[in-house]
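Engineer: One file: protein_20.tsv (TSV, C-alpha atoms).
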chain	number	residue	atom	x	y	z
A	157	MET	CA	21.90	141.93	74.98
A	158	ILE	CA	25.64	142.66	75.15
A	159	ASN	CA	24.66	146.30	75.71
A	160	THR	CA	22.86	145.30	78.91
A	161	VAL	CA	25.74	143.19	80.22
A	162	TRP	CA	28.27	145.94	79.52
A	163	LEU	CA	26.11	148.59	81.19
A	164	PHE	CA	25.60	146.27	84.17
A	165	LEU	CA	29.34	145.72	84.68
A	166	MET	CA	30.28	149.38	84.21
A	167	GLY	CA	27.30	150.79	86.13
A	168	LEU	CA	27.53	148.46	89.09
A	169	GLY	CA	31.29	148.99	89.24
A	170	ILE	CA	30.93	152.77	89.41
A	171	VAL	CA	28.01	152.70	91.88
A	172	ILE	CA	29.73	150.26	94.22
A	173	SER	CA	32.95	152.22	94.21
A	174	ILE	CA	31.00	155.39	95.10
A	175	LEU	CA	29.12	153.64	97.91
A	176	SER	CA	32.23	151.99	99.34
A	177	GLY	CA	34.25	155.19	99.27
A	178	LYS	CA	36.67	153.94	96.62
A	179	ILE	CA	35.72	156.73	94.22
A	180	ALA	CA	39.35	157.76	93.74
A	181	LEU	CA	40.02	154.32	92.25
A	182	ILE	CA	37.72	154.70	89.25
A	183	THR	CA	39.96	156.80	87.00
A	184	PRO	CA	43.20	154.85	87.56
A	185	THR	CA	41.35	151.55	87.09
A	186	ILE	CA	39.90	152.70	83.78
A	187	PHE	CA	43.24	153.96	82.52
A	188	SER	CA	45.18	150.88	83.53
A	189	SER	CA	42.55	148.60	81.98
A	190	ALA	CA	42.57	150.60	78.75
A	191	GLU	CA	46.36	150.47	78.61
A	192	HIS	CA	46.32	146.75	79.36
A	193	ALA	CA	43.84	146.25	76.50
A	194	ILE	CA	46.18	147.97	74.01
A	195	ARG	CA	49.17	145.91	75.19
A	196	PHE	CA	47.07	142.77	74.89
A	197	CYS	CA	46.05	143.70	71.34
A	198	ILE	CA	49.68	144.21	70.30
A	199	GLY	CA	50.43	140.66	71.44
A	200	LEU	CA	47.27	139.46	69.74
A	201	ALA	CA	48.26	141.20	66.48
A	202	GLY	CA	51.45	139.14	66.37
A	203	LEU	CA	49.58	135.93	66.97
A	204	ILE	CA	46.70	136.63	64.60
A	205	GLY	CA	49.06	138.05	61.98
A	206	PHE	CA	51.25	134.94	61.88
A	207	TRP	CA	48.38	132.48	61.81
A	208	SER	CA	46.44	134.46	59.22
A	209	GLY	CA	49.49	134.21	56.98
A	210	ILE	CA	49.75	130.46	57.45
A	211	LEU	CA	46.00	129.99	57.03
A	212	LYS	CA	46.06	131.98	53.82
A	213	ILE	CA	48.56	129.47	52.44
A	214	ALA	CA	46.31	126.64	53.64
A	215	GLU	CA	43.30	128.23	51.97
A	216	VAL	CA	44.98	128.94	48.63
A	217	SER	CA	46.59	125.49	48.44
A	218	GLY	CA	43.40	123.66	49.39
A	219	VAL	CA	44.54	122.08	52.68
A	220	ASN	CA	41.30	123.22	54.32
A	221	GLU	CA	39.28	121.19	51.86
A	222	ILE	CA	41.24	118.05	52.66
A	223	ILE	CA	40.67	118.59	56.38
A	224	ALA	CA	36.98	119.18	55.70
A	225	LYS	CA	36.72	115.81	53.95
A	226	PHE	CA	38.18	114.15	57.02
A	227	PHE	CA	35.53	115.66	59.31
A	228	GLN	CA	32.77	115.45	56.73
A	229	PRO	CA	30.30	113.08	58.50
A	230	PHE	CA	30.28	115.23	61.63
A	231	MET	CA	30.19	118.56	59.81
A	232	SER	CA	27.41	117.68	57.37
A	233	LEU	CA	25.27	116.82	60.40
A	234	LEU	CA	25.83	120.22	62.03
A	235	PHE	CA	26.08	122.39	58.93
A	236	PRO	CA	23.83	120.80	56.29
A	237	SER	CA	23.23	124.13	54.53
A	238	ILE	CA	26.90	124.80	53.69
A	239	ALA	CA	27.90	121.24	52.74
A	240	SER	CA	29.50	122.49	49.51
A	241	HIS	CA	31.73	125.12	51.19
A	242	ASN	CA	34.64	122.85	51.96
A	243	ASN	CA	37.05	125.67	52.76
A	244	ILE	CA	34.76	126.91	55.57
A	245	LEU	CA	34.03	123.42	56.89
A	246	GLY	CA	37.78	122.79	57.03
A	247	LEU	CA	38.31	125.98	59.02
A	248	ILE	CA	35.50	125.08	61.43
A	249	SER	CA	37.04	121.62	61.96
A	250	LEU	CA	40.46	123.15	62.60
A	251	THR	CA	39.08	125.66	65.13
A	252	ILE	CA	37.27	122.98	67.10
A	253	THR	CA	40.32	120.67	67.00
A	254	ALA	CA	42.57	123.48	68.29
A	255	ASN	CA	40.13	124.05	71.17
A	256	LEU	CA	39.98	120.32	71.90
A	257	LEU	CA	43.76	120.10	72.19
A	258	GLY	CA	43.96	123.18	74.41
A	259	LEU	CA	45.80	125.26	71.79
A	260	GLY	CA	44.13	128.54	72.76
A	261	ASN	CA	46.75	130.63	70.94
A	262	VAL	CA	45.87	129.04	67.62
A	263	ALA	CA	42.16	128.68	68.26
A	264	THR	CA	41.50	132.44	68.37
A	265	PRO	CA	43.10	133.29	64.99
A	266	LEU	CA	41.42	130.21	63.47
A	267	GLY	CA	38.04	131.17	64.91
A	268	LEU	CA	38.31	134.74	63.59
A	269	LYS	CA	39.28	133.51	60.13
A	270	THR	CA	36.30	131.13	60.19
A	271	MET	CA	33.98	133.98	61.18
A	272	ALA	CA	35.28	136.11	58.28
A	273	GLU	CA	34.53	133.29	55.83
A	274	LEU	CA	31.10	132.57	57.33
A	275	GLN	CA	30.28	136.27	57.14
A	276	LYS	CA	30.96	136.25	53.38
A	277	ILE	CA	27.96	133.95	52.86
A	278	ASN	CA	25.76	135.62	55.48
A	279	PRO	CA	22.63	137.00	53.74
A	280	ILE	CA	22.04	139.66	56.46
A	281	PRO	CA	25.52	140.98	57.40
A	282	GLU	CA	24.29	142.81	60.53
A	283	ARG	CA	22.75	139.67	61.96
A	284	ALA	CA	24.35	136.36	62.93
A	285	SER	CA	23.35	133.71	60.39
A	286	ASP	CA	22.16	130.23	61.42
A	287	GLU	CA	25.58	128.80	60.52
A	288	ILE	CA	27.37	131.45	62.60
A	289	CYS	CA	25.13	130.62	65.58
A	290	THR	CA	25.90	126.90	65.26
A	291	PHE	CA	29.62	127.61	64.99
A	292	LEU	CA	29.42	129.81	68.11
A	293	ALA	CA	27.54	127.02	69.90
A	294	LEU	CA	30.44	124.65	69.17
A	295	VAL	CA	33.06	127.14	70.33
A	296	LEU	CA	31.20	128.37	73.43
A	297	GLY	CA	30.49	124.79	74.49
A	298	GLY	CA	34.23	124.64	75.19
A	299	LEU	CA	34.73	120.93	74.51
A	300	SER	CA	38.19	120.08	75.82
A	301	ILE	CA	40.35	116.93	75.85
A	302	ILE	CA	43.68	118.41	76.93
A	303	PRO	CA	43.42	121.44	79.23
A	304	SER	CA	47.19	121.98	78.97
A	305	THR	CA	47.39	125.39	80.68
A	306	LEU	CA	45.44	124.18	83.67
A	307	ILE	CA	47.50	121.02	84.14
A	308	ALA	CA	50.61	123.22	84.21
A	309	VAL	CA	49.02	125.57	86.78
A	310	ARG	CA	47.98	122.61	88.93
A	311	ALA	CA	51.45	121.07	88.81
A	312	GLN	CA	52.91	124.44	89.77
A	313	ALA	CA	50.54	124.63	92.75
A	314	GLY	CA	52.03	121.39	94.07
A	315	SER	CA	49.38	118.94	92.90
A	316	LYS	CA	50.33	115.27	93.20
A	317	GLU	CA	47.76	114.36	90.58
A	318	ALA	CA	47.79	117.33	88.23
A	319	ALA	CA	46.03	115.41	85.46
A	320	ILE	CA	43.30	113.88	87.61
A	321	ILE	CA	40.88	116.42	86.14
A	322	LEU	CA	41.26	115.24	82.53
A	323	GLY	CA	38.27	112.90	82.55
A	324	PRO	CA	35.95	115.18	84.55
A	325	VAL	CA	36.84	118.18	82.35
A	326	PHE	CA	36.05	116.21	79.21
A	327	LEU	CA	32.74	115.01	80.66
A	328	THR	CA	31.73	118.45	81.93
A	329	SER	CA	32.69	120.22	78.71
A	330	LEU	CA	30.87	117.56	76.70
A	331	VAL	CA	27.63	118.21	78.59
A	332	GLY	CA	28.26	121.97	78.24
A	333	THR	CA	28.67	121.60	74.48
A	334	LEU	CA	25.55	119.46	74.16
A	335	THR	CA	23.71	122.17	76.13
A	336	THR	CA	24.80	124.99	73.80
A	337	LEU	CA	23.98	122.85	70.76
A	338	VAL	CA	20.49	122.06	72.08
A	339	VAL	CA	19.80	125.71	72.99
A	340	ASN	CA	21.02	126.68	69.52
A	341	PHE	CA	18.92	124.04	67.76
A	342	VAL	CA	15.75	125.02	69.61
A	343	SER	CA	16.33	128.77	69.12
A	344	LEU	CA	16.93	128.34	65.40
A	345	LYS	CA	13.76	126.27	65.06
A	346	LEU	CA	11.76	128.87	66.99
A	347	SER	CA	13.12	131.79	64.95
A	348	LYS	CA	11.86	130.12	61.77
A	349	TYR	CA	8.34	130.75	62.99
A	350	ASN	CA	9.16	134.27	64.09
A	351	PRO	CA	11.60	135.60	61.52
A	352	LYS	CA	11.50	139.21	62.73
A	353	GLU	CA	12.93	138.46	66.15
A	354	GLY	CA	15.35	141.06	67.45
A	355	THR	CA	17.33	140.20	70.56
A	356	ARG	CA	20.15	142.68	70.59
B	1485	MET	CA	48.08	108.09	78.55
B	1486	ILE	CA	48.39	111.59	79.94
B	1487	ASN	CA	51.88	111.99	78.56
B	1488	LEU	CA	50.63	110.82	75.20
B	1489	LEU	CA	47.91	113.50	75.17
B	1490	ILE	CA	50.38	116.21	76.15
B	1491	THR	CA	52.80	115.01	73.47
B	1492	ILE	CA	50.02	115.23	70.90
B	1493	SER	CA	49.26	118.81	71.85
B	1494	GLN	CA	52.96	119.74	71.63
B	1495	TRP	CA	53.46	118.10	68.24
B	1496	ALA	CA	50.21	119.25	66.67
B	1497	ILE	CA	51.35	122.75	65.69
B	1498	PRO	CA	54.80	122.01	64.22
B	1499	ILE	CA	53.35	119.15	62.18
B	1500	LEU	CA	50.40	121.22	60.99
B	1501	LEU	CA	52.83	123.97	59.92
B	1502	LEU	CA	55.00	121.52	57.99
B	1503	CYS	CA	51.97	120.01	56.27
B	1504	ILE	CA	50.58	123.39	55.20
B	1505	LEU	CA	53.92	124.66	53.92
B	1506	GLY	CA	54.73	121.37	52.21
B	1507	PHE	CA	51.35	121.17	50.55
B	1508	GLY	CA	51.60	124.78	49.39
B	1509	ARG	CA	55.00	123.97	47.82
B	1510	ILE	CA	53.56	120.94	46.02
B	1511	LYS	CA	50.73	123.06	44.67
B	1512	LYS	CA	53.36	125.58	43.48
B	1513	ILE	CA	51.99	128.49	45.47
B	1514	HIS	CA	54.03	131.66	46.00
B	1515	LEU	CA	54.32	130.86	49.71
B	1516	TYR	CA	56.01	134.08	50.75
B	1517	GLU	CA	53.65	136.47	48.94
B	1518	VAL	CA	50.56	134.62	50.12
B	1519	PHE	CA	51.87	134.59	53.69
B	1520	ILE	CA	52.48	138.36	53.62
B	1521	GLN	CA	48.99	138.96	52.23
B	1522	GLY	CA	47.47	136.84	55.01
B	1523	VAL	CA	49.44	138.64	57.73
B	1524	MET	CA	48.20	141.96	56.38
B	1525	GLU	CA	44.59	140.77	56.67
B	1526	GLY	CA	45.24	139.43	60.16
B	1527	ILE	CA	46.68	142.70	61.43
B	1528	ARG	CA	43.74	144.61	59.97
B	1529	THR	CA	41.41	142.23	61.83
B	1530	THR	CA	43.23	142.88	65.09
B	1531	ILE	CA	42.95	146.65	64.68
B	1532	LYS	CA	39.21	146.26	64.17
B	1533	LEU	CA	39.06	144.17	67.35
B	1534	THR	CA	40.86	146.64	69.60
B	1535	PRO	CA	37.75	148.68	70.63
B	1536	TYR	CA	35.88	145.50	71.59
B	1537	ILE	CA	38.75	144.23	73.69
B	1538	MET	CA	39.13	147.59	75.38
B	1539	ALA	CA	35.41	147.73	76.20
B	1540	ILE	CA	35.61	144.34	77.94
B	1541	PHE	CA	38.86	145.02	79.77
B	1542	ILE	CA	37.54	148.31	81.19
B	1543	ALA	CA	34.19	146.82	82.24
B	1544	VAL	CA	35.81	143.81	83.90
B	1545	GLY	CA	38.51	145.99	85.47
B	1546	LEU	CA	35.89	148.29	87.02
B	1547	PHE	CA	33.69	145.38	88.06
B	1548	ARG	CA	36.56	143.73	89.93
B	1549	GLY	CA	38.46	146.80	91.11
B	1550	SER	CA	35.43	148.50	92.63
B	1551	GLY	CA	34.61	145.46	94.75
B	1552	ALA	CA	31.35	144.83	92.85
B	1553	LEU	CA	32.42	141.22	92.28
B	1554	ASP	CA	33.18	140.73	95.98
B	1555	PHE	CA	29.86	142.35	96.84
B	1556	ILE	CA	27.88	139.92	94.67
B	1557	ALA	CA	29.87	137.00	96.10
B	1558	TYR	CA	29.05	138.31	99.59
B	1559	LEU	CA	25.32	138.35	98.76
B	1560	ALA	CA	25.48	134.75	97.52
B	1561	LYS	CA	27.48	133.53	100.50
B	1562	PRO	CA	24.54	132.22	102.61
B	1563	VAL	CA	23.26	130.09	99.74
B	1564	PHE	CA	26.66	128.55	99.13
B	1565	SER	CA	27.39	127.96	102.82
B	1566	LEU	CA	24.09	126.10	103.01
B	1567	PHE	CA	25.39	123.52	100.54
B	1568	LYS	CA	28.87	123.55	102.14
B	1569	ILE	CA	30.41	124.97	98.95
B	1570	SER	CA	33.20	127.51	99.15
B	1571	PRO	CA	31.91	130.97	98.14
B	1572	ASP	CA	35.22	131.50	96.35
B	1573	LEU	CA	33.96	129.08	93.71
B	1574	PHE	CA	31.02	131.39	93.10
B	1575	THR	CA	33.42	134.28	92.48
B	1576	LEU	CA	35.21	132.11	89.93
B	1577	GLY	CA	31.91	131.11	88.30
B	1578	ILE	CA	30.90	134.76	87.85
B	1579	LEU	CA	34.27	135.81	86.48
B	1580	LYS	CA	34.70	132.88	84.09
B	1581	PRO	CA	32.34	134.12	81.34
B	1582	LEU	CA	33.91	137.59	81.48
B	1583	SER	CA	37.65	137.10	81.41
B	1584	GLY	CA	39.70	133.98	80.90
B	1585	SER	CA	42.94	135.43	82.24
B	1586	ALA	CA	41.26	136.89	85.36
B	1587	ALA	CA	39.54	133.54	86.00
B	1588	LEU	CA	42.84	131.70	85.60
B	1589	GLY	CA	44.36	134.06	88.17
B	1590	ILE	CA	41.56	133.27	90.64
B	1591	THR	CA	41.93	129.53	89.99
B	1592	ALA	CA	45.66	129.71	90.70
B	1593	GLU	CA	44.92	131.57	93.97
B	1594	LEU	CA	42.33	128.97	95.00
B	1595	LEU	CA	44.75	126.13	94.29
B	1596	GLN	CA	47.30	127.79	96.59
B	1597	LYS	CA	44.75	128.61	99.28
B	1598	TYR	CA	42.92	125.27	99.49
B	1599	GLY	CA	45.47	122.89	97.94
B	1600	ALA	CA	45.43	121.71	94.34
B	1601	ASP	CA	44.01	118.27	95.21
B	1602	SER	CA	41.39	119.46	97.73
B	1603	THR	CA	37.69	119.40	96.88
B	1604	THR	CA	37.66	123.14	96.24
B	1605	GLY	CA	40.90	122.96	94.24
B	1606	VAL	CA	39.65	120.17	92.00
B	1607	THR	CA	36.24	121.81	91.52
B	1608	ALA	CA	37.88	125.13	90.62
B	1609	SER	CA	40.08	123.30	88.09
B	1610	ILE	CA	37.06	121.72	86.42
B	1611	ILE	CA	35.18	125.05	86.30
B	1612	GLN	CA	38.23	126.76	84.83
B	1613	SER	CA	38.76	124.43	81.90
B	1614	SER	CA	35.37	123.01	81.02
B	1615	SER	CA	33.81	126.10	79.47
B	1616	GLU	CA	34.69	129.00	77.20
B	1617	THR	CA	34.87	132.69	78.12
B	1618	THR	CA	31.46	133.52	76.64
B	1619	LEU	CA	31.49	137.32	76.70
B	1620	TYR	CA	35.09	137.61	75.47
B	1621	VAL	CA	34.65	135.10	72.66
B	1622	LEU	CA	31.37	136.64	71.53
B	1623	SER	CA	32.63	140.20	71.42
B	1624	LEU	CA	35.77	139.12	69.54
B	1625	TYR	CA	34.10	136.79	67.07
B	1626	LEU	CA	31.07	139.00	66.37
B	1627	GLY	CA	33.04	142.25	66.57
B	1628	SER	CA	35.57	141.09	63.99
B	1629	VAL	CA	32.81	140.86	61.36
B	1630	HIS	CA	30.64	143.73	62.68
B	1631	ILE	CA	27.58	141.69	63.55
B	1632	LYS	CA	25.22	143.69	65.76
B	1633	ASP	CA	22.38	141.24	66.21
B	1634	SER	CA	23.88	138.29	68.08
B	1635	ARG	CA	20.47	136.55	68.34
B	1636	HIS	CA	20.48	133.83	71.00
B	1637	SER	CA	24.25	133.40	71.23
B	1638	LEU	CA	24.78	135.12	74.60
B	1639	ILE	CA	21.98	133.18	76.32
B	1640	MET	CA	23.28	130.02	74.70
B	1641	GLY	CA	26.84	130.54	75.95
B	1642	LEU	CA	25.77	131.50	79.46
B	1643	THR	CA	23.43	128.50	79.71
B	1644	GLY	CA	26.31	126.24	78.71
B	1645	GLU	CA	28.54	127.84	81.36
B	1646	LEU	CA	25.88	127.54	84.05
B	1647	ILE	CA	25.34	123.84	83.34
B	1648	ALA	CA	29.09	123.21	83.28
B	1649	PHE	CA	29.44	125.10	86.59
B	1650	MET	CA	26.75	123.02	88.26
B	1651	ILE	CA	28.24	119.75	87.03
B	1652	ALA	CA	31.67	120.83	88.26
B	1653	ILE	CA	30.22	121.60	91.72
B	1654	ALA	CA	28.52	118.19	91.74
B	1655	ILE	CA	31.41	116.01	90.57
B	1656	GLY	CA	34.32	117.97	92.13
B	1657	PRO	CA	33.97	116.27	95.56
B	1658	LEU	CA	33.73	112.81	93.92
B	1659	VAL	CA	36.93	113.33	91.93
B	1660	ALA	CA	38.87	114.75	94.89
B	1661	THR	CA	38.19	111.79	97.21
B	1662	HIS	CA	39.74	109.27	94.85
Any chance you could give the structure as structure tokens?
Structural biologist:
Amino acid sequence: MINTVWLFLMGLGIVISILSGKIALITPTIFSSAEHAIRFCIGLAGLIGFWSGILKIAEVSGVNEIIAKFFQPFMSLLFPSIASHNNILGLISLTITANLLGLGNVATPLGLKTMAELQKINPIPERASDEICTFLALVLGGLSIIPSTLIAVRAQAGSKEAAIILGPVFLTSLVGTLTTLVVNFVSLKLSKYNPKEGTR
Amino acid sequence: MINLLITISQWAIPILLLCILGFGRIKKIHLYEVFIQGVMEGIRTTIKLTPYIMAIFIAVGLFRGSGALDFIAYLAKPVFSLFKISPDLFTLGILKPLSGSAALGITAELLQKYGADSTTGVTASIIQSSSETTLYVLSLYLGSVHIKDSRHSLIMGLTGELIAFMIAIAIGPLVATH
């Protein structure tokens, strides 16, 4: 599936630039994007490095389990099969909370740590487990209470009511999250009847 | 109310840090050693992620730089004009699942061009912050643990984005007139 999307973006990009006579642009665009990616990763390494260190302390000292207890009613509804893995449930709760509060910088390291822990209990490592799919549904739904970056951008653009979008964003992201959860729920149910599905 | 929310988001991280460190101290953990060990794991994760990030950046760079994005927006223009919706919003909707930073750039441009409190400006704002960057998140999250079979996750994310986009288009004008 991701293969197709990637091929589509690359292929269409190259074909269009040939047709529109921008063929000379292809090589510099590729090189500048590749360089940009490496720069981005260096920044990301700092961010992920720091938060992985802090999260390791949280994991070893059991903070994650306390957080998990706090979110227990909600989590046991979404992740009934891993109800005993409090460390993971705590990490999932933290990731979603970081996203809710618009803390994108923290949400990525948290999400990656959660994925690593979920992968440890994944029976088929090459394939996303049911729990991983549900976690992705929560993240991709993009539920948001405080879109802090956007409010700043709006204020900068001269908005008189920079925060007017708070309510609508919450509503829209709530429906978006319900959508991903429903799609996930239905797909998981369907795959039970057809366990050999392969949608790469 | 708004200030309260923003204060919460500013205080959340420092307080979380204090709690984690304090709790680790109470539990008599070797804070420094454990921190170093965690950082090491984190940096290893990032190195594993680099190829995935590069693949996305190059694809999105080519897709935008070649004019393919503008071309698709041009094809969709008649449909959007029919509903009196700015075609620029379509460009944003296409870019949103691919790259968060590129989409934010477009949103900032639209806010300048149409005004932050205009219908288009408000709609763009809602599109920008009410969904996740599906392709980026998926390749990062799945890539970091080497999962090849993503099952229904891409369809799921894109469906969520599509629904959020349509709601934003529908409620944007209502919010802007207030």
Engineer: Would you pick out the contacts of segment 205-219 of chain A at 10 Å or less, using only C-alpha atoms, so that residues sharing its chain but fewer than 4 positions from it are not included, and give the list as a ChimeraX atom specification?
Structural biologist: /A:199-201,223-224,242-244,246-247,261-266,268-269 /B:1500-1501,1503-1530
Engineer: Go through B:Pro1657, B:Pro1571, B:Gly1577, B:Gly1644 one by one, measure the shortest atom-to-atom distance of each to chain A using all atoms listed in the file, and give the residue with the smallest value.
Structural biologist: B:Gly1644
Engineer: Using atom CA of Val338 of chain A and atom CA of Ala1654 of chain B as the two end points, give the distance in Å to one decimal.
Structural biologist: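 Atom-to-atom, atom CA of Val338 of chain A and atom CA of Ala1654 of chain B are spaced 21.6 Å apart.
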Engineer: What are the centre and the three edge lengths of an axis-aligned box that wraps all atoms of segment 344-349 of chain A in the file, given that 3 Å is added to every side, written as lines of an AutoDock Vina configuration file and rounded to one decimal in Å?
Structural biologist:
center_x = 12.6
center_y = 129.0
center_z = 64.4
size_x = 14.6
size_y = 11.5
size_z = 11.2
Engineer: From the set A:Gly323, A:Pro184, A:Gly167, A:Gly332, which residue has the shortest atom-to-atom contact distance to chain B, counting all atoms listed in the file?
Structural biologist: A:Gly332
Engineer: Any idea what the distance is between atom CA of Ser1585 of chain B and atom CA of Phe291 of chain A?
Structural biologist: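 Atom-to-atom, atom CA of Ser1585 of chain B and atom CA of Phe291 of chain A are spaced 23.2 Å apart.
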Engineer: Name the residues in contact with Ala308 of chain A at a cut-off of 10 Å, using all atoms listed in the file, excluding same-chain residues fewer than 6 positions from it; report them as a ChimeraX atom specification.
Structural biologist: /A:315,318-319
Engineer: So how many Å separate atom CA of Ser1615 of chain B and atom CA of Gly298 of chain A, to one decimal?
Structural biologist: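 Atom-to-atom, atom CA of Ser1615 of chain B to atom CA of Gly298 of chain A, that is 4.5 Å.
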Engineer: Counting only C-alpha atoms, which residues have an atom no more than 6 Å from (30.9, 141.3, 78.2) in the file's coordinates? Please list them as JSON, numbers by chain.
Structural biologist: {"A": [161, 162], "B": [1540, 1582, 1619]}
Engineer: Do you know which residues are at most 9 Å from Leu257 of chain A counting all atoms listed in the file, after dropping those on the same chain fewer than 3 positions away, and could you put them as a PyMOL selection string?
Structural biologist: (chain A and resi 252-254+260+300-304) or (chain B and resi 1489-1490+1492-1493+1496)
Engineer: Give me the residues near Leu1573 of chain B as a PyMOL selection string, where near means some atom within 8 Å (using all atoms listed in the file) and where sequence neighbours in that chain fewer than 3 positions away do not count.
Structural biologist: chain B and resi 1569-1570+1576-1577+1604+1607-1608
Engineer: Skipping near chain neighbours, those fewer than 6 positions away, what residues fall within 12 Å of Ile174 of chain A using all atoms listed in the file, listed as a PDB file with C-alpha atoms, in the coordinates of the input?
Structural biologist:
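In the end it all went to part.pdb:
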ATOM      1  CA  GLY A 167      27.300 150.790  86.130  1.00  0.00           C
ATOM      2  CA  LEU A 168      27.530 148.460  89.090  1.00  0.00           C
ATOM      3  CA  ALA A 180      39.350 157.760  93.740  1.00  0.00           C
ATOM      4  CA  LEU A 181      40.020 154.320  92.250  1.00  0.00           C
ATOM      5  CA  ILE A 182      37.720 154.700  89.250  1.00  0.00           C
TER       6      ILE A 182
ATOM      7  CA  LEU B1546      35.890 148.290  87.020  1.00  0.00           C
ATOM      8  CA  SER B1550      35.430 148.500  92.630  1.00  0.00           C
ATOM      9  CA  GLY B1551      34.610 145.460  94.750  1.00  0.00           C
ATOM     10  CA  ALA B1552      31.350 144.830  92.850  1.00  0.00           C
TER      11      ALA B1552
END
Engineer: Using only C-alpha atoms for the distances, tell me which of A:Gln228, A:Thr270, A:Ser285, A:Ser189 is nearest to chain B.
Structural biologist: A:Ser189
Engineer: Taking only C-alpha atoms into account, which of B:Phe1541, B:Tyr1536, B:Phe1649, B:Phe1547 comes nearest His192 of chain A?
Structural biologist: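 Ranked by minimum distance to His192 of chain A, first place goes to B:Phe1541.
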Engineer: Given all atoms listed in the file as the basis, pick out the residue of B:Leu1533, B:Ile1578, B:Ala1587, B:Glu1616 nearest to Phe1555 of chain B.
Structural biologist: B:Ile1578
Engineer: Smallest atom-to-atom distance to chain B: which of A:Leu250, A:Ile288, A:Val325, A:Ala239, using only C-alpha atoms?
Structural biologist: A:Val325
Engineer: Give as a PyMOL selection string every residue, naming chains and numbers as the document does, that has an atom within 9 Å of (23.5, 121.8, 64.6), counting all atoms listed in the file.
Structural biologist: chain A and resi 231+233-236+287+290-291+293-294+337-338+340-341
Engineer: Reconstruct N, CA, C and O atoms of segment 243-254 of chain A from the incomplete input and present them as a PDB file, keeping the file's coordinate frame.
Structural biologist:
ATOM      1  N   ASN A 243      36.042 124.828  52.114  1.00  0.00           N
ATOM      2  CA  ASN A 243      37.050 125.670  52.760  1.00  0.00           C
ATOM      3  C   ASN A 243      36.571 126.065  54.172  1.00  0.00           C
ATOM      4  O   ASN A 243      37.310 125.958  55.151  1.00  0.00           O
ATOM      5  N   ILE A 244      35.309 126.495  54.276  1.00  0.00           N
ATOM      6  CA  ILE A 244      34.760 126.910  55.570  1.00  0.00           C
ATOM      7  C   ILE A 244      34.667 125.728  56.527  1.00  0.00           C
ATOM      8  O   ILE A 244      35.060 125.816  57.691  1.00  0.00           O
ATOM      9  N   LEU A 245      34.165 124.596  56.024  1.00  0.00           N
ATOM     10  CA  LEU A 245      34.030 123.420  56.890  1.00  0.00           C
ATOM     11  C   LEU A 245      35.390 122.984  57.424  1.00  0.00           C
ATOM     12  O   LEU A 245      35.518 122.569  58.571  1.00  0.00           O
ATOM     13  N   GLY A 246      36.421 123.112  56.584  1.00  0.00           N
ATOM     14  CA  GLY A 246      37.780 122.790  57.030  1.00  0.00           C
ATOM     15  C   GLY A 246      38.219 123.713  58.145  1.00  0.00           C
ATOM     16  O   GLY A 246      38.798 123.269  59.145  1.00  0.00           O
ATOM     17  N   LEU A 247      37.934 125.013  57.985  1.00  0.00           N
ATOM     18  CA  LEU A 247      38.310 125.980  59.020  1.00  0.00           C
ATOM     19  C   LEU A 247      37.574 125.710  60.329  1.00  0.00           C
ATOM     20  O   LEU A 247      38.159 125.786  61.415  1.00  0.00           O
ATOM     21  N   ILE A 248      36.275 125.392  60.225  1.00  0.00           N
ATOM     22  CA  ILE A 248      35.500 125.080  61.430  1.00  0.00           C
ATOM     23  C   ILE A 248      36.121 123.881  62.141  1.00  0.00           C
ATOM     24  O   ILE A 248      36.368 123.908  63.347  1.00  0.00           O
ATOM     25  N   SER A 249      36.436 122.831  61.364  1.00  0.00           N
ATOM     26  CA  SER A 249      37.040 121.620  61.960  1.00  0.00           C
ATOM     27  C   SER A 249      38.345 121.952  62.660  1.00  0.00           C
ATOM     28  O   SER A 249      38.611 121.476  63.763  1.00  0.00           O
ATOM     29  N   LEU A 250      39.168 122.795  62.011  1.00  0.00           N
ATOM     30  CA  LEU A 250      40.460 123.150  62.600  1.00  0.00           C
ATOM     31  C   LEU A 250      40.277 123.928  63.913  1.00  0.00           C
ATOM     32  O   LEU A 250      40.983 123.688  64.889  1.00  0.00           O
ATOM     33  N   THR A 251      39.312 124.868  63.916  1.00  0.00           N
ATOM     34  CA  THR A 251      39.080 125.660  65.130  1.00  0.00           C
ATOM     35  C   THR A 251      38.686 124.758  66.293  1.00  0.00           C
ATOM     36  O   THR A 251      39.225 124.876  67.402  1.00  0.00           O
ATOM     37  N   ILE A 252      37.752 123.855  66.030  1.00  0.00           N
ATOM     38  CA  ILE A 252      37.270 122.980  67.100  1.00  0.00           C
ATOM     39  C   ILE A 252      38.392 122.056  67.579  1.00  0.00           C
ATOM     40  O   ILE A 252      38.574 121.843  68.782  1.00  0.00           O
ATOM     41  N   THR A 253      39.206 121.550  66.611  1.00  0.00           N
ATOM     42  CA  THR A 253      40.320 120.670  67.000  1.00  0.00           C
ATOM     43  C   THR A 253      41.313 121.433  67.879  1.00  0.00           C
ATOM     44  O   THR A 253      41.796 120.909  68.890  1.00  0.00           O
ATOM     45  N   ALA A 254      41.627 122.680  67.496  1.00  0.00           N
ATOM     46  CA  ALA A 254      42.570 123.480  68.290  1.00  0.00           C
ATOM     47  C   ALA A 254      42.039 123.658  69.716  1.00  0.00           C
ATOM     48  O   ALA A 254      42.784 123.568  70.688  1.00  0.00           O
TER      49      ALA A 254
END
